[in-house]
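Working notes, structure below.
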Amino acid sequence: MTDIIRHDTNTRMSQIVEHGQTIYLAGQVGTPGASVAEQTQECLDKVDALLSRAGSDRTRILQAVIWMADMADFAEMNGVWDAWVPEGHAPARACGESRLATPEYLVEVIVTAAKA
């Protein structure tokens, strides 16, 4: 039986959950009120830091789910995303529009990755 390891856990959620060789990250958001590009970069910076803590990196991402407050901002988000994803390591990805936790959040990124 494989243990489940949780990091940065509170009563509602964990930032990182490890199960076997798979890492699940909680949804990451940027600074409320910042631009879509700025929020996207902040999300991705947080993903990098969390993956590093769990013994992985962005080349090991299996799947990403991106929620956007407004799909009209899709191209702006993709500009940051495309520069961040290493060539040859694009994960399976879904992107959709949804109301996020507060109106100031414009982007939320959820990642599942393999351990290195």
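Each chain in the structure tokens gets a letter, A, B and so on, in the order shown; residues start at 1 in every chain, and ligands are counted from 1 in the order they appear.
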
Non-local contacts of A:Val17 (10 Å; only C-alpha atoms; under 5 positions in same chain excluded) as a JSON list (two decimals) with N, CA and C atoms, in the first residue's frame:
[["chain", "number", "residue", "atom", "x", "y", "z"],
["A", 4, "ILE", "N", 0.10, 8.16, 1.45],
["A", 4, "ILE", "CA", -0.25, 9.48, 0.93],
["A", 4, "ILE", "C", 0.44, 10.50, 1.83],
["A", 5, "ILE", "N", 1.21, 11.40, 1.22],
["A", 5, "ILE", "CA", 1.94, 12.42, 1.97],
["A", 5, "ILE", "C", 1.36, 13.77, 1.60],
["A", 6, "ARG", "N", 1.02, 14.56, 2.61],
["A", 6, "ARG", "CA", 0.42, 15.87, 2.40],
["A", 6, "ARG", "C", 1.35, 16.96, 2.95],
["A", 7, "HIS", "N", 1.48, 18.05, 2.22],
["A", 7, "HIS", "CA", 2.32, 19.18, 2.63],
["A", 7, "HIS", "C", 1.48, 20.45, 2.69],
["A", 8, "ASP", "N", 1.84, 21.33, 3.61],
["A", 8, "ASP", "CA", 1.15, 22.62, 3.76],
["A", 8, "ASP", "C", -0.36, 22.42, 3.85],
["A", 9, "THR", "N", -0.73, 21.61, 4.83],
["A", 9, "THR", "CA", -2.13, 21.23, 5.01],
["A", 9, "THR", "C", -2.78, 22.11, 6.07],
["A", 22, "THR", "N", 3.20, 10.12, -8.07],
["A", 22, "THR", "CA", 2.40, 11.21, -8.61],
["A", 22, "THR", "C", 2.26, 12.33, -7.59],
["A", 23, "ILE", "N", 2.36, 13.56, -8.09],
["A", 23, "ILE", "CA", 2.25, 14.77, -7.27],
["A", 23, "ILE", "C", 1.04, 15.55, -7.75],
["A", 24, "TYR", "N", 0.19, 15.91, -6.80],
["A", 24, "TYR", "CA", -1.00, 16.71, -7.09],
["A", 24, "TYR", "C", -0.85, 18.06, -6.40],
["A", 25, "LEU", "N", -0.99, 19.13, -7.14],
["A", 25, "LEU", "CA", -0.91, 20.46, -6.54],
["A", 25, "LEU", "C", -2.29, 21.08, -6.45],
["A", 26, "ALA", "N", -2.50, 21.84, -5.38],
["A", 26, "ALA", "CA", -3.72, 22.63, -5.26],
["A", 26, "ALA", "C", -3.70, 23.72, -6.33],
["A", 54, "ALA", "N", 8.52, 18.96, -3.91],
["A", 54, "ALA", "CA", 8.05, 17.58, -3.98],
["A", 54, "ALA", "C", 8.99, 16.68, -4.79],
["A", 112, "THR", "N", -0.87, 18.29, -12.11],
["A", 112, "THR", "CA", -0.51, 16.95, -11.66],
["A", 112, "THR", "C", 0.80, 16.59, -12.35]]

Exercise: A:Phe74 partners within 10 Å, only C-alpha atoms, chain neighbours under 5 positions left out, as a PyMOL selection string: chain A and resi 36+68-69+79+95-97+107

Would you save the residues from that selection as a PDB file, in the first residue's frame, using N, CA and C atoms?
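That gives us result_0.pdb:
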ATOM      1  N   VAL A  36      -3.688  39.674 -16.171  1.00  0.00           N
ATOM      2  CA  VAL A  36      -3.738  38.244 -16.495  1.00  0.00           C
ATOM      3  C   VAL A  36      -2.323  37.695 -16.656  1.00  0.00           C
ATOM      4  N   MET A  68      -9.975  30.293 -16.073  1.00  0.00           N
ATOM      5  CA  MET A  68      -9.860  31.723 -16.338  1.00  0.00           C
ATOM      6  C   MET A  68     -11.196  32.392 -16.044  1.00  0.00           C
ATOM      7  N   ALA A  69     -11.140  33.587 -15.502  1.00  0.00           N
ATOM      8  CA  ALA A  69     -12.362  34.332 -15.233  1.00  0.00           C
ATOM      9  C   ALA A  69     -13.032  34.762 -16.532  1.00  0.00           C
ATOM     10  N   GLY A  79       0.419  33.418 -23.820  1.00  0.00           N
ATOM     11  CA  GLY A  79       1.720  34.014 -24.065  1.00  0.00           C
ATOM     12  C   GLY A  79       2.705  33.696 -22.950  1.00  0.00           C
ATOM     13  N   CYS A  95      -8.456  24.058 -20.481  1.00  0.00           N
ATOM     14  CA  CYS A  95      -8.618  25.446 -20.068  1.00  0.00           C
ATOM     15  C   CYS A  95     -10.087  25.807 -20.220  1.00  0.00           C
ATOM     16  N   GLY A  96     -10.647  26.405 -19.196  1.00  0.00           N
ATOM     17  CA  GLY A  96     -12.049  26.787 -19.253  1.00  0.00           C
ATOM     18  C   GLY A  96     -12.307  28.066 -18.489  1.00  0.00           C
ATOM     19  N   GLU A  97     -13.498  28.571 -18.665  1.00  0.00           N
ATOM     20  CA  GLU A  97     -13.911  29.806 -17.991  1.00  0.00           C
ATOM     21  C   GLU A  97     -14.770  29.456 -16.786  1.00  0.00           C
ATOM     22  N   VAL A 107      -6.906  34.023 -13.090  1.00  0.00           N
ATOM     23  CA  VAL A 107      -6.340  32.754 -13.557  1.00  0.00           C
ATOM     24  C   VAL A 107      -6.082  31.853 -12.358  1.00  0.00           C
TER      25      VAL A 107
END

Which of these residues is nearest to A:Gln15, using only C-alpha atoms: A:Arg53, A:Arg60, A:Arg93, A:Arg99? A:Arg53

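Considering only C-alpha atoms, the residue among A:Cys43, A:Val29, A:Ala114, A:Ile16 positioned nearest to A:Arg58 is A:Ala114.
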
Where does DSSP see alpha helix (DSSP H) in chain A, if you list the residues as a VMD selection string? chain A and resid 36 to 53 74 to 84

Limited to C-alpha atoms, could you put the picked residues into a file as a short mmCIF file (atom, residue, chain, number, x, y, z; two decimals), in the first residue's frame?
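Output file selection15.cif follows:
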data_model
loop_
_atom_site.label_atom_id
_atom_site.label_comp_id
_atom_site.auth_asym_id
_atom_site.auth_seq_id
_atom_site.Cartn_x
_atom_site.Cartn_y
_atom_site.Cartn_z
CA VAL A 36 -3.74 38.24 -16.49
CA ALA A 37 -0.09 37.94 -17.59
CA GLU A 38 1.18 38.84 -14.11
CA GLN A 39 -1.22 36.45 -12.38
CA THR A 40 -0.34 33.67 -14.80
CA GLN A 41 3.39 34.14 -14.16
CA GLU A 42 2.82 34.16 -10.39
CA CYS A 43 0.81 30.92 -10.66
CA LEU A 44 3.57 29.28 -12.67
CA ASP A 45 6.28 30.50 -10.28
CA LYS A 46 4.33 28.91 -7.41
CA VAL A 47 3.97 25.68 -9.40
CA ASP A 48 7.75 25.63 -9.95
CA ALA A 49 8.41 26.09 -6.22
CA LEU A 50 5.90 23.45 -5.13
CA LEU A 51 7.12 20.90 -7.67
CA SER A 52 10.70 21.48 -6.53
CA ARG A 53 9.68 20.84 -2.90
CA PHE A 74 -6.89 33.33 -23.34
CA ALA A 75 -4.18 34.71 -25.67
CA GLU A 76 -2.59 36.79 -22.89
CA MET A 77 -2.44 33.77 -20.57
CA ASN A 78 -1.09 31.55 -23.36
CA GLY A 79 1.72 34.01 -24.07
CA VAL A 80 3.06 33.43 -20.56
CA TRP A 81 2.27 29.71 -20.56
CA ASP A 82 3.98 29.06 -23.89
CA ALA A 83 7.18 30.77 -22.74
CA TRP A 84 7.15 28.73 -19.49
#

Among chain A, which ones does DSSP place in strand (DSSP E or B), written as a PyMOL selection string? chain A and resi 4-9+14-19+22-25+28-29+61-68+92-97+107-114

Closest of A:Asp70, A:Glu87, A:Asp3, A:Glu104 to A:Glu18 - atom-to-atom distances counting only C-alpha atoms: A:Asp3

If you measure from atom CA of A:Ala94 to atom CA of A:Gly30, what distance in Å do you get, rounded to one decimal?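 Atom CA of A:Gly30 lies at a distance of 18.9 Å from atom CA of A:Ala94.
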
Interatomic distance (Å, one decimal) between atom CA of A:Gly55 and atom CA of A:Gln21: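 Pair atom CA of A:Gly55 / atom CA of A:Gln21 returns 10.0 Å.
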
Of the listed residues A:Val65, A:Asp57, A:Ala34, A:Asn10, that which approaches A:Glu108 most closely, counting only C-alpha atoms: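 Among the listed residues, A:Val65 lies closest to A:Glu108.
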
Report as a list in words all protein, DNA and RNA residues lying within 7 Å of A:Ala92, evaluated on only C-alpha atoms, omitting residues in the same chain fewer than 4 positions from it. Leu62, Gln63 and Ala64 of chain A
